[in-house]
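Worksheet: the structure to be examined is printed underneath.
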Amino acid sequence: MKEEIFRLERVTQIIDGVTLLDNFSMHIFKGEIMGLLCINAHGKEALVRLLCQNVPIHYGHVYFRENLVNNYEHSSMSMNPVAVIEKQSRLVEDLTVTDNIFVMRRGFRKHLIEPKKLNSQFRRFTEELDIQIDGDRLVSHLSFFEKCIVEIIKAVVARVKLIVLRDISNFISATDLKKIHDIMRHYGMQGISFLYICNHHEEAFKICDRISLMENGKVLKVLNKNEFRDEMITPYTLDFSHIDSPSLSNASKNGILKFNNISTENITHMSFTVEKGECVVLLDMNNTILTDIMKLMQGETKPLSGDIFLDGANYTKKSSELKKGICFIQENPIQSMLFQERSYLDNLCFLVDKKLPHWWLNKNIRKSIIQEYEPLVGEDIYSNDISDLAPRSLYNLVYYRVHLHHPKVVFCMQPFSDADMYLRHHLIQLIDQLRKKNITVIILAVSLSDSLVVADRLLVVEQGKLKNEYHSEKFHYFRASQ
C-alpha cells in the first residue's frame with residue numbers, strides 16, 4: 001500500500017472576501033512526482049503557502065503523513081517539512097554552497113566549521129548526481145540551474161519530505177531541465193515526493209506520475225499516467241491552433257536584421273538573417289547567450305568579432321544613431337517597464353518623444369492617439385492611476401506602447417514567462433498586432449512555451465553556437481524531438 005505524504009481534503013480558503021482555494025483536494029504519495037497544471041494563476045500562491053505552513057483555512061483538513069496538521073477549527077501556524085524551489089532563490093547569496101547546505105540548516109550546532117569535511121560531504125551528493133559544482137563557490141556566482149541543484153540537495157540533507165518546484169522551465173534552459181527531471185526521478189526512487197507546478201501539459205507529461213488540473217483555486221480533473229494525452233486536456237484549455245498570425249510578405253528578402261559572424265564571451269561565430277515583418281524565436285538551449293544579445297542590441301557591449309546590420313546600416317558602428325529602430329520588451333514587463341506614478345496615456349506615449357520631441361504640447365497629437373488606441377484598449381486609456389489595472393490591461397499598455405512607436409525590430413525576452421493560459425493567449429494576440437504593423441518580432445527564450453504559435457522560424461542555439469533552423473512547416477518535428 002502506498003504511503004501518503006500530504007493530503008488536502010476539501011480545503012477552502014477565503015482572504016479579504018476572495019476565495020483562493022475552493023473545495024480543493026489533493027493527495028501526494030511517497031516518492032511520487034505529482035503535477036499541478038495551472039490553467040490560471042488564481043490560488044497558486046495560496047496553495048504553496050498552505051503546503052509550507054499551517055495557515056488558517058475556512059473549511060477542510062490538511063494531513064501530513066496521515067496526521068492531521070491543519071483544519072478549519074484550528075491552525076497552528078507551524079511549518080511543514082516542505083521546500084519550495086522557484087526563480088527567487090532562498091539561498092544566502094553571500095555564503096558558499098556548503099555553508100548554505102550544511103551550516104544554515106536547522107539543527108547544525110557545531111561551533112567550529114570544517115570546510116574540508118563539508119566539501120567532502122557535498123561531493124558525495126554531486127558525484128551521485130553526476131553534477132559538477134564547487135562547494136566553495138559563493139551562491140551569488142552560480143547559474144539558475146546550479147542554484148536549483150543546490151536547493152534540491154539542501155532539501156534532501158534537511159530530510160524534507162516534499163519538494164515543490166514552481167515554474168522552473170521559465171528560467172531553466174531546455175538542456176538543464178532534462179537534468180533536473182533526472183534528479184527528481186533519482187530522489188523519487190529514494191522516497192522524496194515532488195509537486196511539479198507548471199502551465200503546460202506537454203511539460204508535465206514528461207515528468208509527472210499524476211497531474212491535477214487547477215483553475216480558480218479548484219481541481220477540475222486528476223489525470224493518471226495512462227491518461228496523459230492531448231485530448232484529455234483539450235476540454236479545459238483554450239484553442240491556440242486557430243489564432244491567425246499575419247503571413248510573412250515575400251516582398252522583403254534582403255533582411256531587416258543581420259548577425260554576421262558575431263562572437264562575444266558566450267556567442268561563437270553566429271550568423272543569421274531576419275526578414276522584415278518576420279517573427280523568429282531564438283531558443284537558447286543552455287541559457288548562456290540571451291543577455292549578450294540584449295547587451296549587443298542595447299549598445300552596452302561590442303562584439304569581439306563580426307558585425308550587426310539593421311536595415312542595411314552597420315549597427316555595430318552606429319548603434320547610438322540606429323537605436324530608434326529597435327525596441328525591447330523585458331521579461332515580466334508590467335513590473336519593470338511601467339511608471340506607476342504616471343497616467344495610462346503618459347505610459348503609452350513614453351517612446352513617442354524619441355520621434356516627436358515635445359509632442360505633449362500638441363493637443364491634436366494627444367487627441368489623435370486616443371482616437372486610434374481607445375478601440376484597442378478601451379476605457380483604460382483615460383486612467384490616471386494604472387496601479388489598479390488588471391495584468392491584461394497592463395500588458396496591453398506595454399505592447400501598444402511599442403505598437404505606437406513602430407520600431408523596425410522588437411526583441412521580446414521570455415514573453416510567456418509566468419503567464420497563465422489566458423494571458424498567454426492574449427499575448428499571442430498582442431504579438432500579432434505588432435506584426436500587422438510589419439514590425440519584426442524576435443523572441444528570446446530558454447523554453448518554447450507557446451512561441452511557435454506566432455513564429456515563422458525557430459533558431460536553436462547550443463553552447464553559444466547556432467545549431468539548427470526550423471521553418472514553421474517543420475515545427476511539429478521539433479516538438480516531437482523534445
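Identifiers in the C-alpha cells: chain A, B, ... in order shown; residue index from 1 per chain; ligand index from 1 in order shown.
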Point to revise | Those in segment 162-342 of chain A with strand (DSSP E) from DSSP, as number ranges by chain | key: A: 162-166, 193-198, 210-215, 218-224, 257-263, 270-274, 279-284, 305-310, 313-314, 326-329
Point to revise | Exercise: segment 158-167 of chain A partners within 7 Å, only C-alpha atoms, chain neighbours under 2 positions left out, as an MDAnalysis selection string | key: chainID A and resid 81:86 105 154:156 169:170 192:198
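Minimum atom-to-atom distance to Cys208 of chain A, evaluated using only C-alpha atoms, belongs to A:Ile33 out of A:Ile180, A:Ile33, A:Val460, A:Pro375.
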Check your understanding: Which is closer to Lys437 of chain A than all the others in A:Tyr315, A:Phe102, A:Tyr400, A:Phe328, using only C-alpha atoms?
Key -> A:Tyr400
Exercise for review: Could you tell me, as JSON, numbers by chain, which residues of segment 254-300 of chain A DSSP assigns to helix (DSSP H, G or I) when given the backbone?
Suggested key: {"A": [290, 291, 292, 293, 294, 295, 296, 297]}
Could you take the residues named above and write them with C-alpha atoms, as a PDB file, in the first residue's frame?
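The resulting file, again.pdb, is shown below:
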ATOM      1  CA  LEU A 290      20.393  35.888 -24.323  1.00  0.00           C
ATOM      2  CA  THR A 291      21.964  38.517 -22.064  1.00  0.00           C
ATOM      3  CA  ASP A 292      24.752  39.018 -24.601  1.00  0.00           C
ATOM      4  CA  ILE A 293      22.202  39.518 -27.408  1.00  0.00           C
ATOM      5  CA  MET A 294      20.359  42.156 -25.382  1.00  0.00           C
ATOM      6  CA  LYS A 295      23.574  43.979 -24.453  1.00  0.00           C
ATOM      7  CA  LEU A 296      24.719  43.999 -28.085  1.00  0.00           C
ATOM      8  CA  MET A 297      21.424  45.442 -29.314  1.00  0.00           C
TER       9      MET A 297
END
Practice item. Go through A:Ile153, A:Val92, A:Cys52, A:Ala41 and flag the residue nearest Ser140 of chain A, using only C-alpha atoms for the distances. Key: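 Among the listed residues, A:Val92 lies closest to Ser140 of chain A.
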Exercise for review: Work out how far atom CA of Pro415 of chain A is from atom CA of Ile39 of chain A, in Å to one decimal.
Suggested key: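 Taking atom CA of Ile39 of chain A as the start and atom CA of Pro415 of chain A as the end point, the length is 17.2 Å.
Proximity of A:Ile289, A:Leu397, A:Leu448, A:Val69 to Ile329 of chain A, computed with only C-alpha atoms, is greatest for A:Leu397.
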Point to revise | Best match for closeness to Asn199 of chain A among A:Gly17, A:Gly35, A:Gly135, A:Pro303, counting only C-alpha atoms | key: A:Gly35
Exercise for review: Please provide as a PyMOL selection string all residues within 8 Å of Ile28 of chain A, with the sequence filter that same-chain residues fewer than 4 positions apart are discarded (counting only C-alpha atoms).
Suggested key: chain A and resi 4-7+32+34+193
Can I get the selected residues back with C-alpha atoms, as a PDB file, in the first residue's frame?
ATOM      1  CA  GLU A   4       0.698   9.098   1.812  1.00  0.00           C
ATOM      2  CA  ILE A   5       2.873  12.171   2.421  1.00  0.00           C
ATOM      3  CA  PHE A   6       0.371  15.006   2.039  1.00  0.00           C
ATOM      4  CA  ARG A   7      -3.389  15.197   1.769  1.00  0.00           C
ATOM      5  CA  GLU A  32       5.604  10.445  -6.298  1.00  0.00           C
ATOM      6  CA  MET A  34       2.697  14.966  -8.650  1.00  0.00           C
ATOM      7  CA  SER A 193       7.965  13.447  -3.111  1.00  0.00           C
TER       8      SER A 193
END
Review point. Near His403 of chain A, within 9 Å and counting only C-alpha atoms, which residues show up once chain neighbours fewer than 5 positions away are dropped, as a list in words?
Key: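 Result of the neighbour search: Val398, Gln433, Leu434, Lys437 and Ile439 of chain A.
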Exercise for review: Find, counting only C-alpha atoms, the residue in A:Asp353, A:Glu331, A:Asp456, A:Glu93 that gets nearest to Tyr395 of chain A.
Suggested key: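 When distances to Tyr395 of chain A are compared using only C-alpha atoms, the smallest one comes from A:Glu331.
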